[in-house]
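A.B. asks: The structure file input_31.cif (mmCIF, C-alpha atoms and all ligand atoms) is provided below.
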```cif
data_model
loop_
_atom_site.group_PDB
_atom_site.id
_atom_site.type_symbol
_atom_site.label_atom_id
_atom_site.label_comp_id
_atom_site.auth_asym_id
_atom_site.auth_seq_id
_atom_site.Cartn_x
_atom_site.Cartn_y
_atom_site.Cartn_z
ATOM 1 C CA MET H 1 5.556 -17.485 10.863
ATOM 2 C CA ASN H 2 4.714 -16.344 7.326
ATOM 3 C CA ILE H 3 1.156 -15.047 7.058
ATOM 4 C CA ILE H 4 1.506 -14.616 3.280
ATOM 5 C CA GLU H 5 3.541 -16.933 1.081
ATOM 6 C CA ILE H 6 3.699 -16.432 -2.650
ATOM 7 C CA LYS H 7 5.474 -18.890 -4.941
ATOM 8 C CA ASP H 8 6.252 -18.493 -8.629
ATOM 9 C CA LEU H 9 3.230 -16.324 -9.294
ATOM 10 C CA SER H 10 2.615 -15.240 -12.880
ATOM 11 C CA PHE H 11 -0.263 -13.291 -14.344
ATOM 12 C CA SER H 12 -1.109 -11.492 -17.572
ATOM 13 C CA TYR H 13 -4.196 -9.415 -18.353
ATOM 14 C CA GLN H 14 -4.169 -10.297 -22.012
ATOM 15 C CA ASP H 15 -1.933 -12.995 -23.426
ATOM 16 C CA GLU H 16 0.766 -10.482 -24.275
ATOM 17 C CA ILE H 17 3.236 -9.310 -21.630
ATOM 18 C CA ASP H 18 3.187 -10.777 -18.122
ATOM 19 C CA ALA H 19 2.062 -8.158 -15.591
ATOM 20 C CA LEU H 20 3.756 -10.435 -13.032
ATOM 21 C CA SER H 21 6.411 -13.068 -13.742
ATOM 22 C CA ASN H 22 7.482 -15.747 -11.277
ATOM 23 C CA VAL H 23 6.990 -13.632 -8.189
ATOM 24 C CA THR H 24 8.098 -15.350 -5.005
ATOM 25 C CA LEU H 25 7.895 -13.544 -1.667
ATOM 26 C CA SER H 26 6.646 -13.888 1.862
ATOM 27 C CA VAL H 27 5.340 -11.622 4.594
ATOM 28 C CA LYS H 28 5.704 -12.497 8.266
ATOM 29 C CA LYS H 29 2.840 -12.225 10.713
ATOM 30 C CA GLY H 30 2.918 -8.772 12.307
ATOM 31 C CA GLU H 31 5.410 -7.432 9.795
ATOM 32 C CA TRP H 32 5.146 -4.129 7.875
ATOM 33 C CA VAL H 33 6.320 -4.538 4.294
ATOM 34 C CA SER H 34 6.547 -1.813 1.647
ATOM 35 C CA ILE H 35 6.154 -2.695 -2.008
ATOM 36 C CA LEU H 36 7.887 -0.194 -4.266
ATOM 37 C CA GLY H 37 8.264 0.036 -8.013
ATOM 38 C CA HIS H 38 7.710 2.411 -10.892
ATOM 39 C CA ASN H 39 4.348 2.858 -12.643
ATOM 40 C CA GLY H 40 3.174 -0.352 -14.254
ATOM 41 C CA SER H 41 5.610 -2.597 -12.355
ATOM 42 C CA GLY H 42 2.772 -4.827 -11.120
ATOM 43 C CA LYS H 43 2.139 -3.627 -7.539
ATOM 44 C CA SER H 44 -1.644 -3.233 -7.782
ATOM 45 C CA THR H 45 -1.933 -6.445 -9.791
ATOM 46 C CA LEU H 46 -0.102 -8.289 -7.020
ATOM 47 C CA SER H 47 -2.434 -6.900 -4.352
ATOM 48 C CA LYS H 48 -5.516 -7.888 -6.375
ATOM 49 C CA LEU H 49 -4.141 -11.410 -6.769
ATOM 50 C CA ILE H 50 -3.522 -11.687 -2.999
ATOM 51 C CA ILE H 51 -7.159 -10.967 -2.219
ATOM 52 C CA GLY H 52 -8.406 -13.174 -5.042
ATOM 53 C CA LEU H 53 -9.867 -10.414 -7.220
ATOM 54 C CA LEU H 54 -7.681 -11.677 -10.057
ATOM 55 C CA LYS H 55 -6.771 -15.294 -10.695
ATOM 56 C CA ALA H 56 -3.125 -16.232 -11.263
ATOM 57 C CA ASP H 57 -2.080 -17.979 -14.487
ATOM 58 C CA SER H 58 0.355 -20.051 -12.477
ATOM 59 C CA GLY H 59 1.922 -20.192 -9.036
ATOM 60 C CA GLU H 60 0.513 -20.255 -5.545
ATOM 61 C CA ILE H 61 -0.639 -17.861 -2.850
ATOM 62 C CA LYS H 62 -1.018 -19.022 0.748
ATOM 63 C CA VAL H 63 -2.626 -16.832 3.387
ATOM 64 C CA ASP H 64 -2.280 -17.959 6.981
ATOM 65 C CA GLY H 65 -1.356 -21.437 5.780
ATOM 66 C CA VAL H 66 -4.352 -21.770 3.431
ATOM 67 C CA ILE H 67 -3.921 -21.983 -0.347
ATOM 68 C CA LEU H 68 -5.985 -19.335 -2.141
ATOM 69 C CA ASN H 69 -8.540 -20.921 -4.466
ATOM 70 C CA GLU H 70 -12.239 -20.647 -5.220
ATOM 71 C CA GLU H 71 -13.219 -22.471 -2.026
ATOM 72 C CA SER H 72 -10.941 -20.558 0.329
ATOM 73 C CA VAL H 73 -11.296 -17.069 -1.165
ATOM 74 C CA HIS H 74 -14.186 -16.036 1.112
ATOM 75 C CA ASP H 75 -12.383 -17.058 4.292
ATOM 76 C CA ILE H 76 -9.191 -15.395 3.102
ATOM 77 C CA ARG H 77 -11.021 -12.130 2.413
ATOM 78 C CA ARG H 78 -12.134 -12.082 6.052
ATOM 79 C CA LYS H 79 -8.453 -11.803 6.943
ATOM 80 C CA ILE H 80 -7.333 -9.158 4.460
ATOM 81 C CA GLY H 81 -8.569 -5.613 4.043
ATOM 82 C CA ILE H 82 -7.429 -3.599 1.051
ATOM 83 C CA VAL H 83 -7.598 0.121 0.440
ATOM 84 C CA PHE H 84 -7.567 0.404 -3.357
ATOM 85 C CA GLN H 85 -5.401 2.862 -5.245
ATOM 86 C CA ASN H 86 -8.468 4.490 -6.775
ATOM 87 C CA PRO H 87 -10.952 5.202 -3.960
ATOM 88 C CA ASP H 88 -13.846 5.219 -6.463
ATOM 89 C CA ASN H 89 -13.390 1.451 -6.711
ATOM 90 C CA GLN H 90 -14.170 1.213 -3.005
ATOM 91 C CA PHE H 91 -17.539 2.971 -3.071
ATOM 92 C CA VAL H 92 -20.882 1.251 -3.390
ATOM 93 C CA GLY H 93 -23.124 3.030 -0.881
ATOM 94 C CA VAL H 94 -25.431 6.030 -1.151
ATOM 95 C CA THR H 95 -23.808 7.838 1.762
ATOM 96 C CA VAL H 96 -20.381 8.005 3.345
ATOM 97 C CA GLU H 97 -21.643 6.071 6.376
ATOM 98 C CA ASP H 98 -22.975 3.275 4.125
ATOM 99 C CA ASP H 99 -19.537 2.997 2.638
ATOM 100 C CA ILE H 100 -17.746 2.844 5.966
ATOM 101 C CA ALA H 101 -20.273 0.176 7.024
ATOM 102 C CA PHE H 102 -19.976 -1.924 3.859
ATOM 103 C CA GLY H 103 -16.958 -4.055 4.822
ATOM 104 C CA MET H 104 -18.228 -4.587 8.364
ATOM 105 C CA GLU H 105 -21.620 -5.699 7.025
ATOM 106 C CA ASN H 106 -19.875 -8.228 4.774
ATOM 107 C CA LEU H 107 -18.087 -9.579 7.820
ATOM 108 C CA CYS H 108 -21.473 -9.798 9.635
ATOM 109 C CA PHE H 109 -20.675 -7.353 12.449
ATOM 110 C CA GLU H 110 -23.586 -6.652 14.848
ATOM 111 C CA GLN H 111 -25.651 -3.622 13.740
ATOM 112 C CA SER H 112 -25.032 -1.740 17.011
ATOM 113 C CA ASP H 113 -21.311 -2.400 16.721
ATOM 114 C CA ILE H 114 -21.349 -1.087 13.143
ATOM 115 C CA ILE H 115 -23.008 2.161 14.265
ATOM 116 C CA ASP H 116 -20.377 2.693 16.985
ATOM 117 C CA LYS H 117 -17.515 1.871 14.638
ATOM 118 C CA ILE H 118 -18.735 4.219 11.882
ATOM 119 C CA LYS H 119 -18.520 7.066 14.390
ATOM 120 C CA GLU H 120 -15.198 5.956 15.832
ATOM 121 C CA TYR H 121 -13.428 5.496 12.493
ATOM 122 C CA ALA H 122 -14.945 8.552 10.799
ATOM 123 C CA GLU H 123 -13.452 10.521 13.677
ATOM 124 C CA LYS H 124 -10.047 8.883 13.255
ATOM 125 C CA VAL H 125 -9.875 10.046 9.635
ATOM 126 C CA SER H 126 -11.501 13.465 10.347
ATOM 127 C CA MET H 127 -14.635 12.759 8.278
ATOM 128 C CA SER H 128 -17.311 12.882 11.008
ATOM 129 C CA GLU H 129 -19.090 15.843 9.412
ATOM 130 C CA TYR H 130 -19.522 14.064 6.091
ATOM 131 C CA LEU H 131 -21.325 10.890 7.154
ATOM 132 C CA LYS H 132 -24.626 11.770 5.441
ATOM 133 C CA LYS H 133 -22.988 13.070 2.243
ATOM 134 C CA GLU H 134 -22.866 11.233 -1.061
ATOM 135 C CA PRO H 135 -19.403 9.743 -1.601
ATOM 136 C CA HIS H 136 -19.136 10.951 -5.212
ATOM 137 C CA ALA H 137 -19.398 14.551 -3.974
ATOM 138 C CA LEU H 138 -16.182 14.260 -1.967
ATOM 139 C CA SER H 139 -12.703 15.351 -3.010
ATOM 140 C CA GLY H 140 -10.109 12.703 -3.868
ATOM 141 C CA GLY H 141 -8.404 13.030 -0.484
ATOM 142 C CA GLN H 142 -11.737 12.850 1.358
ATOM 143 C CA LYS H 143 -12.629 9.697 -0.578
ATOM 144 C CA GLN H 144 -9.324 8.179 0.457
ATOM 145 C CA ARG H 145 -10.049 9.028 4.102
ATOM 146 C CA VAL H 146 -13.447 7.303 3.900
ATOM 147 C CA ALA H 147 -11.971 4.240 2.168
ATOM 148 C CA ILE H 148 -9.307 3.975 4.887
ATOM 149 C CA ALA H 149 -11.932 4.276 7.659
ATOM 150 C CA GLY H 150 -14.034 1.478 6.147
ATOM 151 C CA ILE H 151 -11.097 -0.895 5.949
ATOM 152 C CA LEU H 152 -9.652 -0.061 9.382
ATOM 153 C CA ALA H 153 -13.077 -0.624 10.953
ATOM 154 C CA MET H 154 -13.102 -4.217 9.652
ATOM 155 C CA LYS H 155 -10.147 -4.996 11.924
ATOM 156 C CA THR H 156 -8.685 -7.637 9.642
ATOM 157 C CA ASP H 157 -5.389 -9.402 10.453
ATOM 158 C CA ILE H 158 -3.749 -8.025 7.306
ATOM 159 C CA ILE H 159 -4.273 -4.657 5.603
ATOM 160 C CA ILE H 160 -2.940 -3.673 2.182
ATOM 161 C CA PHE H 161 -2.750 0.061 1.498
ATOM 162 C CA ASP H 162 -2.309 0.617 -2.247
ATOM 163 C CA GLU H 163 -1.083 4.219 -2.472
ATOM 164 C CA ALA H 164 -3.910 4.875 -0.058
ATOM 165 C CA THR H 165 -2.719 8.287 1.101
ATOM 166 C CA SER H 166 -1.528 9.634 -2.255
ATOM 167 C CA MET H 167 -4.167 12.410 -2.366
ATOM 168 C CA LEU H 168 -3.992 13.430 1.297
ATOM 169 C CA ASP H 169 -2.486 16.691 2.455
ATOM 170 C CA PRO H 170 0.788 16.312 4.411
ATOM 171 C CA LYS H 171 -0.863 16.596 7.848
ATOM 172 C CA GLY H 172 -3.588 14.114 6.889
ATOM 173 C CA ARG H 173 -0.985 11.714 5.553
ATOM 174 C CA GLU H 174 1.067 11.988 8.725
ATOM 175 C CA SER H 175 -1.899 11.264 10.945
ATOM 176 C CA ILE H 176 -2.895 8.197 8.886
ATOM 177 C CA MET H 177 0.711 6.950 8.912
ATOM 178 C CA ASN H 178 0.789 7.353 12.692
ATOM 179 C CA TYR H 179 -2.362 5.312 12.915
ATOM 180 C CA ILE H 180 -0.908 2.600 10.666
ATOM 181 C CA LYS H 181 2.113 2.498 12.998
ATOM 182 C CA GLU H 182 -0.245 1.996 15.927
ATOM 183 C CA ILE H 183 -2.220 -0.872 14.394
ATOM 184 C CA ASN H 184 0.988 -2.536 13.232
ATOM 185 C CA LYS H 185 2.370 -2.333 16.776
ATOM 186 C CA ALA H 186 -0.868 -3.916 17.966
ATOM 187 C CA GLY H 187 -0.163 -6.914 15.688
ATOM 188 C CA VAL H 188 -1.805 -6.145 12.340
ATOM 189 C CA THR H 189 0.286 -7.205 9.337
ATOM 190 C CA VAL H 190 0.656 -4.201 7.037
ATOM 191 C CA ILE H 191 1.569 -3.987 3.355
ATOM 192 C CA THR H 192 1.962 -0.475 1.993
ATOM 193 C CA ILE H 193 2.352 0.126 -1.709
ATOM 194 C CA THR H 194 3.886 3.551 -2.146
ATOM 195 C CA HIS H 195 6.117 5.848 -4.157
ATOM 196 C CA ASP H 196 6.833 7.901 -1.047
ATOM 197 C CA MET H 197 10.203 6.970 0.420
ATOM 198 C CA LYS H 198 9.306 8.709 3.688
ATOM 199 C CA GLU H 199 6.496 6.186 4.068
ATOM 200 C CA ALA H 200 8.708 3.269 3.089
ATOM 201 C CA VAL H 201 11.162 4.182 5.876
ATOM 202 C CA LEU H 202 8.520 3.178 8.409
ATOM 203 C CA SER H 203 8.296 -0.425 7.243
ATOM 204 C CA ASP H 204 10.418 -3.377 8.399
ATOM 205 C CA ARG H 205 11.171 -4.636 4.930
ATOM 206 C CA ILE H 206 11.011 -3.441 1.329
ATOM 207 C CA ILE H 207 10.235 -5.411 -1.814
ATOM 208 C CA ILE H 208 10.915 -3.758 -5.169
ATOM 209 C CA LEU H 209 9.063 -4.807 -8.304
ATOM 210 C CA LYS H 210 10.268 -3.997 -11.791
ATOM 211 C CA GLU H 211 8.433 -5.065 -14.924
ATOM 212 C CA GLY H 212 6.519 -7.674 -12.960
ATOM 213 C CA ARG H 213 9.505 -9.226 -11.241
ATOM 214 C CA VAL H 214 10.927 -8.925 -7.736
ATOM 215 C CA ILE H 215 14.299 -7.231 -8.220
ATOM 216 C CA ALA H 216 15.120 -6.540 -4.582
ATOM 217 C CA CYS H 217 13.887 -7.644 -1.207
ATOM 218 C CA GLY H 218 15.485 -6.881 2.128
ATOM 219 C CA ASP H 219 15.616 -4.893 5.328
ATOM 220 C CA THR H 220 14.440 -1.318 4.884
ATOM 221 C CA ASN H 221 17.815 0.225 5.762
ATOM 222 C CA ASP H 222 19.703 -1.944 3.273
ATOM 223 C CA ILE H 223 17.307 -1.261 0.417
ATOM 224 C CA LEU H 224 17.103 2.480 1.095
ATOM 225 C CA ASN H 225 20.907 2.632 0.834
ATOM 226 C CA ASP H 226 21.025 0.662 -2.401
ATOM 227 C CA LYS H 227 21.497 3.573 -4.797
ATOM 228 C CA GLU H 228 21.820 1.498 -7.983
ATOM 229 C CA THR H 229 18.675 -0.556 -7.396
ATOM 230 C CA LEU H 230 16.638 2.525 -6.462
ATOM 231 C CA ASN H 231 17.894 4.415 -9.513
ATOM 232 C CA SER H 232 17.134 1.544 -11.828
ATOM 233 C CA SER H 233 13.542 1.520 -10.529
ATOM 234 C CA ASN H 234 12.960 5.275 -10.837
ATOM 235 C CA LEU H 235 12.898 5.526 -7.050
ATOM 236 C CA GLU H 236 14.377 8.428 -5.148
ATOM 237 C CA LEU H 237 17.081 8.252 -2.551
ATOM 238 C CA LEU H 238 16.034 9.819 0.748
ATOM 239 C CA LEU H 239 17.125 13.442 0.894
ATOM 240 C CA PRO H 240 19.824 13.036 3.588
ATOM 241 C CA LEU H 241 21.360 10.144 1.626
ATOM 242 C CA LYS H 242 21.290 12.160 -1.574
ATOM 243 C CA LEU H 243 23.032 14.898 0.330
ATOM 244 C CA GLN H 244 25.602 12.488 1.699
ATOM 245 C CA TYR H 245 26.478 11.258 -1.814
ATOM 246 C CA LEU H 246 26.677 14.799 -3.159
ATOM 247 C CA LEU H 247 28.894 15.920 -0.295
ATOM 248 C CA ASP H 248 31.160 12.937 -0.822
ATOM 249 C CA GLU H 249 31.686 14.037 -4.406
ATOM 250 C CA ALA H 250 32.015 17.762 -3.685
ATOM 251 C CA ASN H 251 34.611 20.059 -2.252
ATOM 252 C CA LEU H 252 33.390 20.675 1.302
ATOM 253 C CA SER H 253 33.612 24.450 1.407
ATOM 254 C CA ASN H 254 30.769 26.157 3.280
ATOM 255 C CA ASP H 255 29.555 27.923 0.164
ATOM 256 C CA LYS H 256 29.458 24.691 -1.745
ATOM 257 C CA VAL H 257 27.471 22.971 1.038
ATOM 258 C CA LYS H 258 25.012 25.877 1.107
ATOM 259 C CA ASP H 259 24.657 25.672 -2.660
ATOM 260 C CA ILE H 260 24.009 21.912 -2.552
ATOM 261 C CA LEU H 261 21.411 22.316 0.207
ATOM 262 C CA TRP H 262 19.677 25.022 -1.783
ATOM 263 C CA GLN H 263 19.649 22.907 -4.954
ATOM 264 C CA LEU H 264 18.247 19.975 -2.975
ATOM 265 C CA SER H 265 15.520 22.072 -1.411
ATOM 266 C CA LEU H 266 14.509 23.140 -4.923
ATOM 267 C CA ASN H 267 14.533 19.413 -5.727
ATOM 268 C CA LYS H 268 16.980 19.855 -8.625
HETATM 269 N N1 LIG X 1 -7.178 -3.839 -16.226
HETATM 270 C C1 LIG X 1 -6.067 -3.999 -16.946
HETATM 271 N N2 LIG X 1 -6.115 -4.490 -18.212
HETATM 272 C C2 LIG X 1 -4.984 -4.669 -18.942
HETATM 273 N N3 LIG X 1 -3.741 -4.396 -18.493
HETATM 274 C C3 LIG X 1 -3.642 -3.902 -17.242
HETATM 275 C C4 LIG X 1 -4.784 -3.674 -16.410
HETATM 276 N N4 LIG X 1 -4.367 -3.180 -15.209
HETATM 277 C C5 LIG X 1 -3.018 -3.094 -15.295
HETATM 278 N N5 LIG X 1 -2.580 -3.523 -16.503
HETATM 279 C C6 LIG X 1 -1.161 -3.608 -16.942
HETATM 280 O O1 LIG X 1 -0.460 -4.455 -16.038
HETATM 281 C C7 LIG X 1 0.821 -3.919 -15.707
HETATM 282 C C8 LIG X 1 0.920 -3.735 -14.180
HETATM 283 O O2 LIG X 1 -0.032 -2.762 -13.783
HETATM 284 P P1 LIG X 1 -0.281 -2.384 -12.246
HETATM 285 O O3 LIG X 1 -1.502 -1.564 -12.203
HETATM 286 O O4 LIG X 1 -0.260 -3.637 -11.449
HETATM 287 O O5 LIG X 1 1.022 -1.524 -11.938
HETATM 288 P P2 LIG X 1 1.400 -0.652 -10.648
HETATM 289 O O6 LIG X 1 2.765 -1.065 -10.242
HETATM 290 O O7 LIG X 1 0.308 -0.749 -9.649
HETATM 291 O O8 LIG X 1 1.489 0.822 -11.265
HETATM 292 P P3 LIG X 1 1.151 2.272 -10.598
HETATM 293 O O9 LIG X 1 2.355 2.688 -9.810
HETATM 294 O O10 LIG X 1 0.941 3.146 -11.788
HETATM 295 O O11 LIG X 1 -0.091 2.123 -9.758
HETATM 296 C C9 LIG X 1 0.958 -2.638 -16.505
HETATM 297 O O12 LIG X 1 1.693 -2.903 -17.658
HETATM 298 C C10 LIG X 1 -0.466 -2.263 -16.848
HETATM 299 O O13 LIG X 1 -0.511 -1.565 -18.074
HETATM 300 MG MG MG X 2 -0.946 0.612 -8.789
#
```
Using structure tokens, write down the structure from this file.
C.D. replies:
Amino acid sequence: MNIIEIKDLSFSYQDEIDALSNVTLSVKKGEWVSILGHNGSGKSTLSKLIIGLLKADSGEIKVDGVILNEESVHDIRRKIGIVFQNPDNQFVGVTVEDDIAFGMENLCFEQSDIIDKIKEYAEKVSMSEYLKKEPHALSGGQKQRVAIAGILAMKTDIIIFDEATSMLDPKGRESIMNYIKEINKAGVTVITITHDMKEAVLSDRIIILKEGRVIACGDTNDILNDKETLNSSNLELLLPLKLQYLLDEANLSNDKVKDILWQLSLNK
């Protein structure tokens, strides 16, 4: 069953160029989908349209069988959590704990439940010591951790992560990705918007946007092997695949292999 169905969606900020043009896609219940695309390809715009923060010029969005419109937007937002690309857009409270609580309060969680969940989720993102701090005094990565905790605590059916771990250190990123794996296994539908191919590998399916249009959509393995499409979207091949292509082209002497590995490790 498709939990998200998007048909012929178009949107422009001003009347000039369409930020999204005739986007049609679907996401199955329980699926993990990555949305990839170069800067300005429309990924964040799409996520804002899905949660009804922006209104489409034309086309249709259905969430769990319900068409998104002014009447349904509140119910739909109870089903979708989003971690914004810029964590500053997520913060409204005076303290970190206010911010983790914010989404739960909107969903009318019991006060005692909120208190327990603040603790539980702050711990999951390693921010327990910062609960009384002011959010604006945190580093970018710490803000992202807090934003992630607030959204995870809401326990929505669908979560969109818009480059939500871009400022985290590698260990922090790994631990959040492991947690996303866990919640997805437990049935949460996950959409990750990312430039990191190592993150995209984890998803079931990949959708690539280019200049506001869907240019590729398919199983993760197929898309990650599609060199031309990835190149045309400024996306990187995974390192082992890059290596495979280089080795195919090269003379396979040991020295040559060593040289290629060295060049790759320098990211040249
Ligand atoms: N608030 C805005 N007002 C006007 N134009 C905007 C606004 N936000 C985005 N755009 C334009 O819409 C297009 C899509 O932007 P969007 O932010 O959705 O891209 P993106 O794929 O999320 O990019 P990135 O990888 O940089 O986050 C771009 O051309 C951008 O310049
Ligand atoms: Mg974006």
A.B. asks: Set the distance at 12 Å and use all atoms listed in the file: which residues neighbour Val92 of chain H once local chain neighbours fewer than 6 positions away are removed? I'd like the list as a list in words.
C.D. replies: Asp98, Asp99, Ile100, Ala101, Phe102, Gly103, Glu134, Pro135, His136, Ala147 and Gly150 of chain H
A.B. asks: Name the closest residue to Met1 of chain H among the candidates H:Ser72, H:Ser128, H:Thr156, H:Ser26; distances are taken between atoms, counting all atoms listed in the file.
C.D. replies: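 The answer is H:Ser26, which sits nearest to Met1 of chain H.
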A.B. asks: Could you list, as a list in words, all residues that come within 9 Å of ligand MG 2 (chain X)? Count all atoms listed in the file.
C.D. replies: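 So the residues close to ligand MG 2 (chain X) are Asn39, Gly40, Ser41, Gly42, Lys43, Ser44, Thr45, Ser47, Phe84, Gln85, Asn86, Asp162, Glu163, Ile193 and Thr194 of chain H.
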A.B. asks: If you count only C-alpha atoms and all ligand atoms, which residues end up within 12 Å of ligand LIG 1 (chain X), as an MDAnalysis selection string?
C.D. replies: chainID H and resid 10:21 35:49 53:54 84:86 161:164 166 192:196 208:214 233:235
A.B. asks: May I ask for the distance between atom CA of Val83 of chain H and atom CA of Ala153 of chain H, given in Å to one decimal place?
C.D. replies: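 Answer for the atom CA of Val83 of chain H to atom CA of Ala153 of chain H separation: 11.9 Å.
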A.B. asks: Using the chain letters and numbering of this document, enumerate as JSON, numbers by chain the residues selected by the PyMOL selection byres (((chain H and resi 75) around 12) and not hetatm).
C.D. replies: {"H": [51, 52, 63, 64, 65, 66, 67, 68, 69, 70, 71, 72, 73, 74, 76, 77, 78, 79, 80, 106, 107, 156]}
A.B. asks: Would you pick out the contacts of Glu174 of chain H at 12 Å or less, using only C-alpha atoms, so that residues sharing its chain but fewer than 3 positions from it are not included, and give the list as a count of residues only?
C.D. replies: 15
A.B. asks: What does the distance between atom CA of Ser58 of chain H and atom CA of Ile6 of chain H come to in Å, to one decimal place?
C.D. replies: 11.0 Å
A.B. asks: Would you compute the distance between atom CA of Ile61 of chain H and atom CA of Ile191 of chain H? Give it in Å to one decimal.
C.D. replies: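 Between these atoms lies a distance of 15.4 Å.
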A.B. asks: Could you pull out every residue with an atom within 12 Å of (22.5, 20.4, -2.7), file coordinates, counting all atoms listed in the file, and send them as a PyMOL selection string?
C.D. replies: chain H and resi 239-250+252+254-268
